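Step one of this worksheet: look at the structure below.
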Amino acid sequence: MKLKSVNSGEPRFPLGDLVTTPRALMALQVAATPTALLIRHVKGDWGDVSEHDRHQNEFAIKAGLRILSSYTLATGTKIWVITEADRSATTLLLPEEY
């Protein structure tokens with residue numbers, strides 16, 4: 001499967017409503033901005049996921065399934081960004097909050 005370039009300026013899918021957990025928001029305030037991670041996510045830069053999960057995300061875009069990105073902040077904290085299958089919402093959360 002050929003992966004689409006993450007450098008295109010167009011969003012690859014709708015994000016829906018944006019939601020974050022309080023703990024993820026605290027982690028982001030220290031080390032990153034939610035906007036930066038959301039831009040990476042919507043452009044297809046899935047962050048720290050396996051090759052299998054990268055392919056699953058590419059399939060999920062076409063098939064209308066859940067999309068998961070994982071990013072490690074400068075502090076070492078991991079943040080997940082999950083867009084729901086129906087594209088109604090995208091949530092930023094810590095993996096242990098899933």
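Here, A, B, ... name the chains of the structure tokens in the order displayed, residue numbers run from 1 inside each chain, and ligands are numbered from 1 in the same displayed order.
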Please identify all polymer residues within 7 Å of Ala85 (chain A), counting only C-alpha atoms, omitting same-chain residues fewer than 6 positions from it, and present them as a list in words.
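Near neighbours after the sequence-gap exclusion: Gly64, Leu65 and Arg66 of chain A.
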Mind dumping the selected residues with N, CA and C atoms as a short mmCIF file (atom, residue, chain, number, x, y, z; two decimals), in the first residue's frame?
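So the final result, stored in part.cif, reads:
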data_model
loop_
_atom_site.label_atom_id
_atom_site.label_comp_id
_atom_site.auth_asym_id
_atom_site.auth_seq_id
_atom_site.Cartn_x
_atom_site.Cartn_y
_atom_site.Cartn_z
N GLY A 64 -13.74 4.53 6.88
CA GLY A 64 -14.55 5.18 7.91
C GLY A 64 -14.41 4.51 9.27
N LEU A 65 -13.18 4.16 9.63
CA LEU A 65 -12.91 3.55 10.93
C LEU A 65 -12.15 4.53 11.82
N ARG A 66 -11.95 4.16 13.07
CA ARG A 66 -11.23 4.99 14.05
C ARG A 66 -9.78 5.17 13.62
#
Excluding Pro95 (chain A) and residues on its chain fewer than 5 positions from it, collect all residues at most 8 Å away from it, counting only C-alpha atoms, and give them as JSON, numbers by chain.
{"A": [78, 79, 80]}
Selected residues written out, C-alpha atoms, as an mmCIF file, in the first residue's frame:
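File written: result.cif
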data_model
loop_
_atom_site.group_PDB
_atom_site.id
_atom_site.type_symbol
_atom_site.label_atom_id
_atom_site.label_comp_id
_atom_site.auth_asym_id
_atom_site.auth_seq_id
_atom_site.Cartn_x
_atom_site.Cartn_y
_atom_site.Cartn_z
ATOM 1 C CA LYS A 78 2.809 10.103 25.504
ATOM 2 C CA ILE A 79 -0.355 11.646 24.050
ATOM 3 C CA TRP A 80 -2.861 9.780 21.909
#
Apply DSSP to the structure's backbone, then extract all residues of chain A labelled strand (DSSP E or B) and return them as a PyMOL selection string.
chain A and resi 17-20+47+67-72+78-83+89-93
Which residues come within 9 Å of region 28-36 of chain A, counting only C-alpha atoms, excluding same-chain residues fewer than 6 positions away, as a ChimeraX atom specification?
/A:20,73-75,77,79,92
Output the selection as a PDB file, in the first residue's frame - C-alpha atoms for each residue.
ATOM      1  CA  THR A  20      -9.181  16.713  25.570  1.00  0.00           C
ATOM      2  CA  LEU A  73       6.185  15.046  24.078  1.00  0.00           C
ATOM      3  CA  ALA A  74       9.559  16.581  24.995  1.00  0.00           C
ATOM      4  CA  THR A  75       8.792  15.703  28.624  1.00  0.00           C
ATOM      5  CA  THR A  77       4.714  11.993  28.173  1.00  0.00           C
ATOM      6  CA  ILE A  79      -0.355  11.646  24.050  1.00  0.00           C
ATOM      7  CA  LEU A  92      -6.486  14.026  22.944  1.00  0.00           C
TER       8      LEU A  92
END
Write out as a list in words which residues come within 7 Å of region 44-54 of chain A when counting only C-alpha atoms, dropping same-chain ones fewer than 3 positions away.
Val6, Arg12, Arg40, His41, Asn57, Glu58, Ser69, Ser70 and Tyr71 of chain A
Pairwise distance for CA of Lys43 (chain A) and CA of Pro14 (chain A), rounded to one decimal in Å
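Interatomic distance, CA of Lys43 (chain A) to CA of Pro14 (chain A): 10.5 Å.
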Can you tell me, as a PyMOL selection string, which residues in chain A count as helix (DSSP H, G or I) by DSSP?
chain A and resi 22-31+34-42+51-63+95-97
What is the distance, in Å and to one decimal place, between CA of Asp17 (chain A) and CA of Phe59 (chain A)?
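Here the two named atoms are 21.9 Å from each other.
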